[in-house]
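Engineer: What follows is final-v4.pdb; its format and atoms are PDB, C-alpha atoms and all ligand atoms.
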```pdb
ATOM      1  CA  MET K   1       7.287  19.904   4.192
ATOM      2  CA  LYS K   2       8.339  16.254   4.682
ATOM      3  CA  ASN K   3       9.379  13.887   1.881
ATOM      4  CA  PHE K   4       8.046  10.409   1.329
ATOM      5  CA  LEU K   5       9.298   7.577  -0.901
ATOM      6  CA  THR K   6       7.814   4.285  -1.978
ATOM      7  CA  ILE K   7       8.545   1.613  -4.570
ATOM      8  CA  GLY K   8       6.150  -0.731  -6.326
ATOM      9  CA  GLU K   9       4.475  -2.089  -9.411
ATOM     10  CA  PRO K  10       1.941   0.273 -10.959
ATOM     11  CA  MET K  11      -0.884  -1.186 -12.992
ATOM     12  CA  ALA K  12      -3.941  -0.284 -14.973
ATOM     13  CA  VAL K  13      -7.173  -1.681 -13.542
ATOM     14  CA  PHE K  14     -10.396  -2.302 -15.416
ATOM     15  CA  SER K  15     -13.254  -2.156 -12.942
ATOM     16  CA  ALA K  16     -16.519  -3.810 -14.055
ATOM     17  CA  ASP K  17     -19.315  -1.262 -14.366
ATOM     18  CA  GLN K  18     -22.106  -3.690 -13.444
ATOM     19  CA  ALA K  19     -22.297  -5.179  -9.956
ATOM     20  CA  ASP K  20     -22.472  -8.884  -9.109
ATOM     21  CA  VAL K  21     -21.528 -10.145 -12.588
ATOM     22  CA  GLU K  22     -18.735 -12.717 -12.966
ATOM     23  CA  LEU K  23     -15.603 -11.227 -14.529
ATOM     24  CA  ALA K  24     -15.940 -13.616 -17.473
ATOM     25  CA  ASP K  25     -19.419 -12.234 -18.206
ATOM     26  CA  ALA K  26     -18.727  -8.554 -17.551
ATOM     27  CA  GLN K  27     -18.819  -6.495 -20.753
ATOM     28  CA  HIS K  28     -18.192  -2.908 -19.710
ATOM     29  CA  PHE K  29     -15.314  -1.722 -17.596
ATOM     30  CA  THR K  30     -13.913   1.638 -16.490
ATOM     31  CA  LYS K  31     -10.146   2.073 -16.594
ATOM     32  CA  TYR K  32      -8.271   3.452 -13.578
ATOM     33  CA  ILE K  33      -4.690   3.240 -12.404
ATOM     34  CA  ALA K  34      -3.669   1.040  -9.468
ATOM     35  CA  GLY K  35      -0.882  -0.764  -7.656
ATOM     36  CA  ALA K  36      -0.818  -0.752  -3.865
ATOM     37  CA  GLU K  37       2.238   1.495  -3.462
ATOM     38  CA  LEU K  38       1.151   3.863  -6.245
ATOM     39  CA  ASN K  39      -2.195   4.172  -4.437
ATOM     40  CA  VAL K  40      -0.298   5.247  -1.324
ATOM     41  CA  ALA K  41       1.814   7.685  -3.361
ATOM     42  CA  ILE K  42      -1.315   9.250  -4.904
ATOM     43  CA  GLY K  43      -3.081   9.520  -1.559
ATOM     44  CA  LEU K  44      -0.119  11.291   0.036
ATOM     45  CA  ALA K  45       0.371  13.642  -2.904
ATOM     46  CA  ARG K  46      -3.344  14.519  -2.700
ATOM     47  CA  LEU K  47      -2.708  15.546   0.928
ATOM     48  CA  GLN K  48       0.101  17.852  -0.292
ATOM     49  CA  HIS K  49       3.078  15.735   0.800
ATOM     50  CA  ARG K  50       6.161  15.576  -1.434
ATOM     51  CA  VAL K  51       6.283  12.096  -2.951
ATOM     52  CA  GLU K  52       9.008  10.110  -4.714
ATOM     53  CA  TYR K  53       7.723   7.005  -6.488
ATOM     54  CA  VAL K  54      10.302   4.468  -7.656
ATOM     55  CA  THR K  55       9.296   2.039 -10.386
ATOM     56  CA  ALA K  56       9.736   0.725 -13.923
ATOM     57  CA  LEU K  57       7.112   1.040 -16.668
ATOM     58  CA  GLY K  58       6.711  -0.301 -20.161
ATOM     59  CA  ASN K  59       6.501   2.093 -23.090
ATOM     60  CA  ASP K  60       2.963   0.916 -23.847
ATOM     61  CA  PRO K  61      -0.454   2.613 -23.519
ATOM     62  CA  PHE K  62      -0.851   1.572 -19.858
ATOM     63  CA  GLY K  63       2.672   2.792 -19.112
ATOM     64  CA  VAL K  64       1.900   6.143 -20.738
ATOM     65  CA  THR K  65      -1.415   6.482 -18.863
ATOM     66  CA  ILE K  66       0.341   5.757 -15.574
ATOM     67  CA  GLN K  67       3.172   8.196 -16.325
ATOM     68  CA  ASN K  68       0.644  10.915 -17.127
ATOM     69  CA  GLU K  69      -1.304  10.223 -13.931
ATOM     70  CA  ILE K  70       1.861  10.221 -11.832
ATOM     71  CA  LYS K  71       2.711  13.650 -13.239
ATOM     72  CA  ALA K  72      -0.884  14.920 -12.913
ATOM     73  CA  ASN K  73      -0.764  13.991  -9.219
ATOM     74  CA  GLN K  74       2.472  16.019  -8.767
ATOM     75  CA  ILE K  75       4.444  12.868  -7.901
ATOM     76  CA  SER K  76       8.118  13.025  -8.830
ATOM     77  CA  THR K  77       9.128  10.893 -11.834
ATOM     78  CA  GLN K  78      12.891  11.152 -11.338
ATOM     79  CA  TYR K  79      13.128   7.500 -10.269
ATOM     80  CA  VAL K  80      10.696   6.093 -12.835
ATOM     81  CA  GLU K  81      12.506   4.006 -15.413
ATOM     82  CA  ILE K  82      10.976   3.275 -18.825
ATOM     83  CA  MET K  83      11.767  -0.250 -20.083
ATOM     84  CA  PRO K  84      10.469  -0.512 -23.670
ATOM     85  CA  GLU K  85      11.311  -4.229 -23.837
ATOM     86  CA  TYR K  86       8.664  -5.098 -21.202
ATOM     87  CA  TRP K  87       5.052  -4.149 -20.685
ATOM     88  CA  THR K  88       3.022  -2.664 -17.898
ATOM     89  CA  GLY K  89       0.705  -4.976 -15.949
ATOM     90  CA  PHE K  90      -3.033  -4.627 -15.522
ATOM     91  CA  TYR K  91      -5.853  -6.324 -13.668
ATOM     92  CA  LEU K  92      -9.593  -6.873 -13.891
ATOM     93  CA  LYS K  93     -11.762  -6.063 -10.904
ATOM     94  CA  GLN K  94     -15.292  -7.267 -10.308
ATOM     95  CA  ARG K  95     -17.964  -4.997  -8.804
ATOM     96  CA  VAL K  96     -19.863  -6.588  -5.906
ATOM     97  CA  THR K  97     -22.601  -5.377  -3.574
ATOM     98  CA  THR K  98     -21.206  -7.272  -0.563
ATOM     99  CA  GLY K  99     -17.752  -8.548   0.379
ATOM    100  CA  ASP K 100     -14.516  -8.288  -1.578
ATOM    101  CA  PRO K 101     -14.561  -8.335  -5.397
ATOM    102  CA  ALA K 102     -12.844 -10.988  -7.488
ATOM    103  CA  VAL K 103      -9.638  -9.719  -9.113
ATOM    104  CA  TYR K 104      -7.592 -11.183 -11.956
ATOM    105  CA  PHE K 105      -4.030 -10.077 -12.699
ATOM    106  CA  TYR K 106      -2.086  -9.836 -15.962
ATOM    107  CA  ARG K 107       1.307  -8.824 -14.621
ATOM    108  CA  GLN K 108       3.872 -11.599 -15.075
ATOM    109  CA  ASN K 109       7.133 -10.428 -16.646
ATOM    110  CA  SER K 110       6.120  -6.764 -16.349
ATOM    111  CA  ALA K 111       8.633  -3.912 -16.475
ATOM    112  CA  ALA K 112       8.360  -3.522 -12.678
ATOM    113  CA  ALA K 113       9.240  -7.208 -12.241
ATOM    114  CA  HIS K 114      12.540  -6.387 -14.002
ATOM    115  CA  PHE K 115      13.258  -3.353 -11.825
ATOM    116  CA  ASP K 116      17.005  -2.793 -11.563
ATOM    117  CA  SER K 117      17.995  -2.069  -7.941
ATOM    118  CA  ASP K 118      20.971   0.021  -9.062
ATOM    119  CA  MET K 119      18.364   2.780  -9.438
ATOM    120  CA  LEU K 120      18.196   2.834  -5.627
ATOM    121  CA  ASP K 121      21.811   4.075  -5.456
ATOM    122  CA  LYS K 122      20.720   7.260  -7.269
ATOM    123  CA  VAL K 123      18.205   8.289  -4.604
ATOM    124  CA  ASP K 124      19.123  11.246  -2.384
ATOM    125  CA  TYR K 125      18.217   9.707   0.985
ATOM    126  CA  GLN K 126      19.117  12.896   2.898
ATOM    127  CA  LYS K 127      15.879  14.300   1.542
ATOM    128  CA  ILE K 128      13.641  11.372   2.554
ATOM    129  CA  ASP K 129      11.738  11.288   5.861
ATOM    130  CA  LEU K 130       9.763   8.050   5.540
ATOM    131  CA  ILE K 131       9.785   5.007   3.232
ATOM    132  CA  HIS K 132       6.794   2.707   2.689
ATOM    133  CA  LEU K 133       7.345  -0.862   1.502
ATOM    134  CA  THR K 134       4.978  -3.741   0.858
ATOM    135  CA  GLY K 135       5.087  -7.472   0.354
ATOM    136  CA  ILE K 136       3.732  -7.102  -3.183
ATOM    137  CA  MET K 137       6.926  -5.675  -4.684
ATOM    138  CA  ALA K 138       8.802  -8.432  -2.822
ATOM    139  CA  ALA K 139       6.519 -11.088  -4.350
ATOM    140  CA  ILE K 140       6.476 -10.099  -8.025
ATOM    141  CA  SER K 141      10.022 -11.338  -8.845
ATOM    142  CA  ASP K 142      13.530 -11.881  -7.522
ATOM    143  CA  ASN K 143      14.360  -8.357  -8.708
ATOM    144  CA  GLY K 144      11.416  -7.011  -6.701
ATOM    145  CA  LEU K 145      12.528  -8.822  -3.546
ATOM    146  CA  THR K 146      16.104  -7.581  -3.999
ATOM    147  CA  ALA K 147      14.799  -4.020  -4.364
ATOM    148  CA  VAL K 148      12.745  -4.199  -1.163
ATOM    149  CA  LYS K 149      15.706  -5.615   0.793
ATOM    150  CA  ARG K 150      18.073  -2.995  -0.661
ATOM    151  CA  LEU K 151      15.682  -0.183   0.236
ATOM    152  CA  PHE K 152      15.448  -1.423   3.824
ATOM    153  CA  GLU K 153      19.276  -1.391   3.952
ATOM    154  CA  LYS K 154      19.343   2.172   2.623
ATOM    155  CA  ALA K 155      16.735   3.173   5.213
ATOM    156  CA  HIS K 156      18.865   1.705   8.029
ATOM    157  CA  GLU K 157      22.061   3.349   6.708
ATOM    158  CA  ASN K 158      20.315   6.721   6.564
ATOM    159  CA  GLN K 159      18.204   6.307   9.722
ATOM    160  CA  ILE K 160      14.934   6.708   7.865
ATOM    161  CA  SER K 161      11.723   5.333   9.397
ATOM    162  CA  THR K 162       9.891   2.698   7.406
ATOM    163  CA  THR K 163       6.369   1.329   7.280
ATOM    164  CA  PHE K 164       5.752  -2.207   6.011
ATOM    165  CA  ASP K 165       2.400  -3.562   4.848
ATOM    166  CA  PRO K 166       2.638  -7.327   4.200
ATOM    167  CA  ASN K 167      -0.151  -7.028   1.585
ATOM    168  CA  ILE K 168      -0.526 -10.783   1.135
ATOM    169  CA  ARG K 169      -1.084 -11.776  -2.512
ATOM    170  CA  LYS K 170      -0.940 -15.586  -2.380
ATOM    171  CA  PRO K 171      -0.933 -16.206  -6.159
ATOM    172  CA  LEU K 172       2.323 -14.258  -6.473
ATOM    173  CA  TRP K 173       4.247 -16.615  -4.175
ATOM    174  CA  ALA K 174       5.720 -20.031  -5.027
ATOM    175  CA  SER K 175       4.383 -21.485  -1.767
ATOM    176  CA  GLU K 176       2.618 -20.356   1.400
ATOM    177  CA  THR K 177       5.667 -21.354   3.471
ATOM    178  CA  GLU K 178       7.963 -19.159   1.398
ATOM    179  CA  MET K 179       5.455 -16.303   1.580
ATOM    180  CA  ILE K 180       5.176 -16.449   5.374
ATOM    181  CA  MET K 181       8.930 -16.754   5.866
ATOM    182  CA  THR K 182       9.787 -13.913   3.505
ATOM    183  CA  LEU K 183       7.090 -11.486   4.672
ATOM    184  CA  ASN K 184       7.909 -12.011   8.352
ATOM    185  CA  SER K 185      11.592 -11.599   7.699
ATOM    186  CA  LEU K 186      10.976  -8.342   5.755
ATOM    187  CA  ALA K 187       8.737  -7.116   8.578
ATOM    188  CA  LYS K 188      11.755  -7.432  10.912
ATOM    189  CA  GLU K 189      13.401  -4.572   9.019
ATOM    190  CA  ALA K 190      10.515  -2.103   9.423
ATOM    191  CA  THR K 191       9.957   0.558  12.083
ATOM    192  CA  ILE K 192       6.181   0.151  11.853
ATOM    193  CA  VAL K 193       4.489  -3.078  10.737
ATOM    194  CA  LEU K 194       0.917  -2.881   9.429
ATOM    195  CA  PRO K 195      -0.747  -6.290   9.116
ATOM    196  CA  GLY K 196      -4.481  -6.758   8.707
ATOM    197  CA  ILE K 197      -6.071  -9.134  11.216
ATOM    198  CA  ASN K 198      -6.606 -11.814   8.531
ATOM    199  CA  GLU K 199      -2.991 -11.411   7.447
ATOM    200  CA  GLY K 200      -1.856 -11.796  11.056
ATOM    201  CA  GLU K 201      -3.680 -15.107  11.253
ATOM    202  CA  ILE K 202      -1.937 -16.369   8.104
ATOM    203  CA  LEU K 203       1.486 -15.001   9.013
ATOM    204  CA  MET K 204       1.721 -15.876  12.714
ATOM    205  CA  GLY K 205      -1.295 -18.044  13.499
ATOM    206  CA  SER K 206      -3.513 -15.913  15.744
ATOM    207  CA  ARG K 207      -6.477 -13.565  15.294
ATOM    208  CA  ASP K 208      -5.761 -11.855  18.594
ATOM    209  CA  PRO K 209      -4.568  -8.315  17.761
ATOM    210  CA  GLU K 210      -2.262  -8.112  20.767
ATOM    211  CA  GLN K 211      -0.654 -11.473  19.990
ATOM    212  CA  ILE K 212      -0.109 -10.377  16.386
ATOM    213  CA  ALA K 213       1.447  -7.099  17.554
ATOM    214  CA  ASP K 214       3.647  -8.898  20.109
ATOM    215  CA  PHE K 215       4.897 -11.271  17.436
ATOM    216  CA  TYR K 216       6.162  -8.376  15.292
ATOM    217  CA  LEU K 217       7.476  -6.320  18.231
ATOM    218  CA  ASN K 218       9.351  -9.295  19.717
ATOM    219  CA  GLN K 219      10.917 -10.530  16.518
ATOM    220  CA  SER K 220      13.061  -7.447  15.864
ATOM    221  CA  ASN K 221      14.933  -4.504  17.370
ATOM    222  CA  HIS K 222      14.031  -2.341  14.390
ATOM    223  CA  THR K 223      10.278  -2.673  14.878
ATOM    224  CA  GLN K 224       8.969  -0.072  17.321
ATOM    225  CA  THR K 225       5.242  -0.185  16.591
ATOM    226  CA  ALA K 226       2.744  -2.735  15.299
ATOM    227  CA  ILE K 227      -0.650  -1.601  14.023
ATOM    228  CA  VAL K 228      -3.176  -4.348  13.363
ATOM    229  CA  LYS K 229      -5.946  -3.306  10.956
ATOM    230  CA  LEU K 230      -9.364  -4.504  12.146
ATOM    231  CA  GLY K 231     -11.432  -3.425   9.102
ATOM    232  CA  PRO K 232     -14.459  -1.229   9.920
ATOM    233  CA  ALA K 233     -13.793  -1.799  13.662
ATOM    234  CA  GLY K 234     -10.634   0.350  13.451
ATOM    235  CA  ALA K 235      -7.087  -0.624  14.398
ATOM    236  CA  TYR K 236      -5.114  -1.915  17.353
ATOM    237  CA  ILE K 237      -1.794  -0.219  18.210
ATOM    238  CA  LYS K 238       1.004  -1.491  20.414
ATOM    239  CA  ASN K 239       4.464   0.008  20.692
ATOM    240  CA  LYS K 240       7.666  -0.457  22.656
ATOM    241  CA  THR K 241       7.084   2.627  24.791
ATOM    242  CA  GLY K 242       3.980   1.243  26.479
ATOM    243  CA  LEU K 243       1.133   2.251  24.168
ATOM    244  CA  ASN K 244      -1.524  -0.456  23.932
ATOM    245  CA  THR K 245      -4.817   0.787  22.546
ATOM    246  CA  THR K 246      -7.579   0.357  19.975
ATOM    247  CA  VAL K 247      -8.677   3.232  17.746
ATOM    248  CA  THR K 248     -12.295   2.885  16.597
ATOM    249  CA  GLY K 249     -13.122   3.013  12.905
ATOM    250  CA  TYR K 250     -15.867   4.780  10.957
ATOM    251  CA  SER K 251     -19.066   3.097   9.843
ATOM    252  CA  VAL K 252     -19.825   3.321   6.144
ATOM    253  CA  ARG K 253     -23.394   3.048   4.860
ATOM    254  CA  HIS K 254     -22.690   2.139   1.257
ATOM    255  CA  VAL K 255     -19.552   0.150   0.401
ATOM    256  CA  VAL K 256     -18.765   0.282  -3.338
ATOM    257  CA  ASP K 257     -15.314  -1.346  -3.506
ATOM    258  CA  THR K 258     -13.029  -2.551  -0.712
ATOM    259  CA  VAL K 259      -9.871  -2.734  -2.854
ATOM    260  CA  GLY K 260      -7.532   0.136  -2.003
ATOM    261  CA  ALA K 261      -8.870   0.585   1.555
ATOM    262  CA  GLY K 262      -5.699  -0.860   3.136
ATOM    263  CA  ASP K 263      -3.581   1.512   1.046
ATOM    264  CA  GLY K 264      -5.875   4.350   2.106
ATOM    265  CA  PHE K 265      -5.208   3.341   5.708
ATOM    266  CA  ALA K 266      -1.458   3.584   5.013
ATOM    267  CA  VAL K 267      -1.981   7.039   3.460
ATOM    268  CA  GLY K 268      -3.722   8.323   6.580
ATOM    269  CA  LEU K 269      -1.173   6.825   8.947
ATOM    270  CA  ILE K 270       1.844   8.080   7.001
ATOM    271  CA  SER K 271       0.408  11.557   6.442
ATOM    272  CA  GLY K 272      -0.317  11.806  10.164
ATOM    273  CA  LEU K 273       3.259  10.763  10.949
ATOM    274  CA  LEU K 274       4.709  13.202   8.399
ATOM    275  CA  ASP K 275       2.579  15.919  10.035
ATOM    276  CA  GLU K 276       4.114  14.867  13.380
ATOM    277  CA  GLN K 277       0.803  13.807  14.899
ATOM    278  CA  PRO K 278       0.714  11.403  17.866
ATOM    279  CA  ILE K 279       0.341   7.835  16.619
ATOM    280  CA  GLU K 280      -3.306   7.498  17.816
ATOM    281  CA  SER K 281      -4.316  10.580  15.781
ATOM    282  CA  ALA K 282      -2.435   9.273  12.745
ATOM    283  CA  VAL K 283      -4.274   5.952  13.073
ATOM    284  CA  LYS K 284      -7.620   7.761  13.401
ATOM    285  CA  ARG K 285      -6.794   9.559  10.136
ATOM    286  CA  ALA K 286      -5.856   6.180   8.653
ATOM    287  CA  CYS K 287      -9.277   4.770   9.588
ATOM    288  CA  ALA K 288     -10.980   7.823   8.060
ATOM    289  CA  ILE K 289      -9.221   7.427   4.708
ATOM    290  CA  GLY K 290      -9.876   3.674   4.734
ATOM    291  CA  ALA K 291     -13.587   4.463   5.192
ATOM    292  CA  LEU K 292     -13.583   7.062   2.409
ATOM    293  CA  ALA K 293     -11.723   4.679   0.075
ATOM    294  CA  VAL K 294     -14.424   1.996   0.102
ATOM    295  CA  GLN K 295     -17.053   4.430  -1.139
ATOM    296  CA  SER K 296     -15.832   4.637  -4.756
ATOM    297  CA  ALA K 297     -14.961   2.220  -7.564
ATOM    298  CA  GLY K 298     -11.296   2.916  -8.389
ATOM    299  CA  ASP K 299      -8.510   1.968  -5.961
ATOM    300  CA  SER K 300      -7.560   5.545  -5.072
ATOM    301  CA  GLU K 301     -10.470   7.661  -6.379
ATOM    302  CA  GLY K 302     -12.018   7.943  -2.909
ATOM    303  CA  TYR K 303      -8.873   9.269  -1.212
ATOM    304  CA  PRO K 304      -9.536  12.806   0.047
ATOM    305  CA  ASP K 305      -7.721  16.109  -0.196
ATOM    306  CA  ASN K 306      -7.065  17.925   3.100
ATOM    307  CA  GLU K 307     -10.380  19.760   3.062
ATOM    308  CA  GLN K 308     -12.444  16.612   2.383
ATOM    309  CA  LEU K 309     -10.533  14.719   5.062
ATOM    310  CA  GLU K 310     -11.117  17.420   7.662
ATOM    311  CA  GLN K 311     -14.810  17.611   6.785
ATOM    312  CA  PHE K 312     -15.260  13.819   6.969
ATOM    313  CA  MET K 313     -13.498  13.596  10.334
ATOM    314  CA  GLU K 314     -15.530  16.452  11.744
ATOM    315  CA  GLU K 315     -18.859  15.076  10.571
ATOM    316  CA  ASN K 316     -18.340  11.430  11.547
TER     317      ASN K 316
HETATM  318  O1  LIG N 401      -4.218  -2.663  -2.645
HETATM  319  C1  LIG N 401      -4.701  -2.460  -3.948
HETATM  320  C2  LIG N 401      -4.010  -3.420  -4.831
HETATM  321  O2  LIG N 401      -4.453  -4.708  -4.497
HETATM  322  C3  LIG N 401      -4.247  -3.226  -6.294
HETATM  323  O3  LIG N 401      -4.025  -1.916  -6.707
HETATM  324  C4  LIG N 401      -3.415  -4.128  -7.132
HETATM  325  O4  LIG N 401      -1.190  -3.782  -6.414
HETATM  326  C5  LIG N 401      -2.098  -4.537  -6.552
HETATM  327  C6  LIG N 401      -1.983  -5.914  -6.123
HETATM  328  O5  LIG N 401      -0.967  -6.524  -6.334
HETATM  329  O6  LIG N 401      -2.924  -6.437  -5.543
END
```
Mind converting the file's structure to structure tokens?
Ligand code: KDG
Structural biologist:
Amino acid sequence: MKNFLTIGEPMAVFSADQADVELADAQHFTKYIAGAELNVAIGLARLQHRVEYVTALGNDPFGVTIQNEIKANQISTQYVEIMPEYWTGFYLKQRVTTGDPAVYFYRQNSAAAHFDSDMLDKVDYQKIDLIHLTGIMAAISDNGLTAVKRLFEKAHENQISTTFDPNIRKPLWASETEMIMTLNSLAKEATIVLPGINEGEILMGSRDPEQIADFYLNQSNHTQTAIVKLGPAGAYIKNKTGLNTTVTGYSVRHVVDTVGAGDGFAVGLISGLLDEQPIESAVKRACAIGALAVQSAGDSEGYPDNEQLEQFMEEN
């Protein structure tokens, strides 16, 4: 069995129960846990991969809920630091019948934003096969950015493959220029870069999947593959060994919540890679989990176990 590691800010999320109501007017919410990288960790653990999740949590009710859920999902807690002097972030999520829901974050000064990168020296990298990083951890604070850079260094030192999802969150950045510069420079460190098509347009100025892929492949020796997420249409893959193809997505009749679909895509891709599948099959799995993810309200509630995944891919 292969081992996976990721780092990020976990959060509680309160998802409005009623659809198409402004967040300010919503009265009833259901609580879930969230955080892009934690979503990926949960999805991979659900598919029976061994998962290390690196983070810091407050010693508050959200922190306790998240700790319990991490354990319940069989994710290792050995690199989870409890920082009682800070709290754990949360966000509010609207429910909508079409498009993407409004979200509102309460996360500034969270425990994860104070993550101490010395923790990364304690990790046994000999046991890690793949590391997933995102632009969110890099955006939450200087400590977060330092941690992402340090983890890329550790990956290079130990020859571990990395995936990088830019995960643009504009409100977390001081300026758009800084965001673009930092995310593109982090992408240079990754083996596989995973931008969405809208992100590509913001980060390098084109909506052409091949041009986006070429930008990331040409800017770095580390980057071997670029996968451009096309939403329900699937994903475009280009790599340095001549692959240049589009994998078609799955159509979904009833979309409940699009948040968490990109993380679901990462789950499918990474689990396919850990299972040593060819990249096209891993991307097909990624599209399947993205499609399953949008059919439920929490970020990660729609991610399948192996049996559900197999059934969905067979039937669709
Ligand atoms: O991808 C899902 C995330 O957007 C959500 O869980 C919250 O981590 C989060 C973020 O910063 O957006």
Engineer: Applying the PyMOL selection byres (((not hetatm)) within 8 of (chain N and resi 401)) to the file I just gave you, which residues come out? Please list them as a short mmCIF file (atom, residue, chain, number, x, y, z; two decimals) with C-alpha atoms, keeping the file's coordinate frame.
Structural biologist:
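For reference, part_30.cif as written:
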```cif
data_model
loop_
_atom_site.label_atom_id
_atom_site.label_comp_id
_atom_site.auth_asym_id
_atom_site.auth_seq_id
_atom_site.Cartn_x
_atom_site.Cartn_y
_atom_site.Cartn_z
CA GLY K 8 6.15 -0.73 -6.33
CA GLU K 9 4.47 -2.09 -9.41
CA PRO K 10 1.94 0.27 -10.96
CA MET K 11 -0.88 -1.19 -12.99
CA VAL K 13 -7.17 -1.68 -13.54
CA ILE K 33 -4.69 3.24 -12.40
CA ALA K 34 -3.67 1.04 -9.47
CA GLY K 35 -0.88 -0.76 -7.66
CA ALA K 36 -0.82 -0.75 -3.86
CA GLU K 37 2.24 1.50 -3.46
CA LEU K 38 1.15 3.86 -6.24
CA ASN K 39 -2.19 4.17 -4.44
CA TYR K 91 -5.85 -6.32 -13.67
CA PHE K 105 -4.03 -10.08 -12.70
CA ILE K 136 3.73 -7.10 -3.18
CA ASN K 167 -0.15 -7.03 1.58
CA ARG K 169 -1.08 -11.78 -2.51
CA VAL K 259 -9.87 -2.73 -2.85
CA GLY K 260 -7.53 0.14 -2.00
CA ALA K 261 -8.87 0.58 1.56
CA GLY K 262 -5.70 -0.86 3.14
CA ASP K 263 -3.58 1.51 1.05
CA ASP K 299 -8.51 1.97 -5.96
#
```
Engineer: Considering only C-alpha atoms, return as a list of chain:residue names whatever protein or nucleic-acid residues lie within 9 Å of Leu194 of chain K, sequence-local ones (same chain, fewer than 2 positions apart) excluded.
Structural biologist: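 Near Leu194 of chain K, the qualifying residues are K:Thr163, K:Phe164, K:Asp165, K:Pro166, K:Asn167, K:Ala187, K:Ile192, K:Gly196, K:Thr225, K:Ala226, K:Ile227, K:Val228, K:Lys229, K:Ala266.
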Engineer: Which is closest to Arg253 of chain K among K:Asn316, K:Gln108, K:Gln311, K:Thr177, if we use only C-alpha atoms?
Structural biologist: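 That would be K:Asn316, the residue with the smallest distance to Arg253 of chain K.
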Engineer: For the provided coordinates, the residues matched by the PyMOL selection byres (((chain K and resi 86) around 10) and not hetatm) should be stated as a ChimeraX atom specification.
Structural biologist: /K:56-60,82-85,87-89,109-114
Engineer: Could you dump the residues just selected with C-alpha atoms as a compact mmCIF listing (two decimals), in the coordinates of the input?
Structural biologist:
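The resulting result-v2.txt:
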```txt
# COMPACT_ATOMS: atom_id res chain seq x y z
CA ALA K 56 9.74 0.72 -13.92
CA LEU K 57 7.11 1.04 -16.67
CA GLY K 58 6.71 -0.30 -20.16
CA ASN K 59 6.50 2.09 -23.09
CA ASP K 60 2.96 0.92 -23.85
CA ILE K 82 10.98 3.28 -18.82
CA MET K 83 11.77 -0.25 -20.08
CA PRO K 84 10.47 -0.51 -23.67
CA GLU K 85 11.31 -4.23 -23.84
CA TRP K 87 5.05 -4.15 -20.68
CA THR K 88 3.02 -2.66 -17.90
CA GLY K 89 0.70 -4.98 -15.95
CA ASN K 109 7.13 -10.43 -16.65
CA SER K 110 6.12 -6.76 -16.35
CA ALA K 111 8.63 -3.91 -16.48
CA ALA K 112 8.36 -3.52 -12.68
CA ALA K 113 9.24 -7.21 -12.24
CA HIS K 114 12.54 -6.39 -14.00
```
Engineer: Starting from the point (-12.8, 3.8, -6.5), work out which residues of protein, DNA or RNA have an atom no more than 12 Å away when counting all atoms listed in the file; state them as a PyMOL selection string.
Structural biologist: chain K and resi 13-17+30-34+39+93-95+255-261+264+290-304
Engineer: The PyMOL selection byres (((chain K and resi 41-47) around 8) and not hetatm) - which residues does that actually catch in the file I just gave you? List them as an MDAnalysis selection string.
Structural biologist: chainID K and resid 5:6 37:40 48:53 70 73:75 264 267 270:271 300 303:306
Engineer: Kindly save the residues from that selection, with C-alpha atoms included, as a short mmCIF file (atom, residue, chain, number, x, y, z; two decimals), keeping the file's coordinate frame.
Structural biologist:
```cif
data_model
loop_
_atom_site.label_atom_id
_atom_site.label_comp_id
_atom_site.auth_asym_id
_atom_site.auth_seq_id
_atom_site.Cartn_x
_atom_site.Cartn_y
_atom_site.Cartn_z
CA LEU K 5 9.30 7.58 -0.90
CA THR K 6 7.81 4.28 -1.98
CA GLU K 37 2.24 1.50 -3.46
CA LEU K 38 1.15 3.86 -6.24
CA ASN K 39 -2.19 4.17 -4.44
CA VAL K 40 -0.30 5.25 -1.32
CA GLN K 48 0.10 17.85 -0.29
CA HIS K 49 3.08 15.74 0.80
CA ARG K 50 6.16 15.58 -1.43
CA VAL K 51 6.28 12.10 -2.95
CA GLU K 52 9.01 10.11 -4.71
CA TYR K 53 7.72 7.00 -6.49
CA ILE K 70 1.86 10.22 -11.83
CA ASN K 73 -0.76 13.99 -9.22
CA GLN K 74 2.47 16.02 -8.77
CA ILE K 75 4.44 12.87 -7.90
CA GLY K 264 -5.88 4.35 2.11
CA VAL K 267 -1.98 7.04 3.46
CA ILE K 270 1.84 8.08 7.00
CA SER K 271 0.41 11.56 6.44
CA SER K 300 -7.56 5.54 -5.07
CA TYR K 303 -8.87 9.27 -1.21
CA PRO K 304 -9.54 12.81 0.05
CA ASP K 305 -7.72 16.11 -0.20
CA ASN K 306 -7.06 17.92 3.10
#
```
Engineer: For segment 119-130 of chain K, please output as a ChimeraX atom specification all residues within 10 Å (counting all atoms listed in the file; exclusion window: fewer than 2 positions along the same chain).
Structural biologist: /K:1-7,50-52,54-56,78-81,115-117,132,147-148,150-151,154-155,157-163,191,270,273-274
Engineer: So how far away is atom CA of Ile168 of chain K from atom CA of Ala190 of chain K, in Å?
Structural biologist: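 Atom-to-atom, atom CA of Ala190 of chain K and atom CA of Ile168 of chain K are spaced 16.3 Å apart.
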Engineer: By how many Å are atom CA of Ser185 of chain K and atom CA of Ala213 of chain K apart?
Structural biologist: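 Here the two named atoms are 14.8 Å from each other.
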Engineer: Which neighbours of Ser220 of chain K fall inside 9 Å, counting all atoms listed in the file, when residues of the same chain fewer than 3 positions from it are skipped, and could you give them as a PDB file with C-alpha atoms, in the frame of the given file?
Structural biologist:
```
ATOM      1  CA  ALA K 187       8.737  -7.116   8.578  1.00  0.00           C
ATOM      2  CA  LYS K 188      11.755  -7.432  10.912  1.00  0.00           C
ATOM      3  CA  GLU K 189      13.401  -4.572   9.019  1.00  0.00           C
ATOM      4  CA  ALA K 190      10.515  -2.103   9.423  1.00  0.00           C
ATOM      5  CA  TYR K 216       6.162  -8.376  15.292  1.00  0.00           C
ATOM      6  CA  LEU K 217       7.476  -6.320  18.231  1.00  0.00           C
ATOM      7  CA  THR K 223      10.278  -2.673  14.878  1.00  0.00           C
ATOM      8  CA  GLN K 224       8.969  -0.072  17.321  1.00  0.00           C
TER       9      GLN K 224
END
```
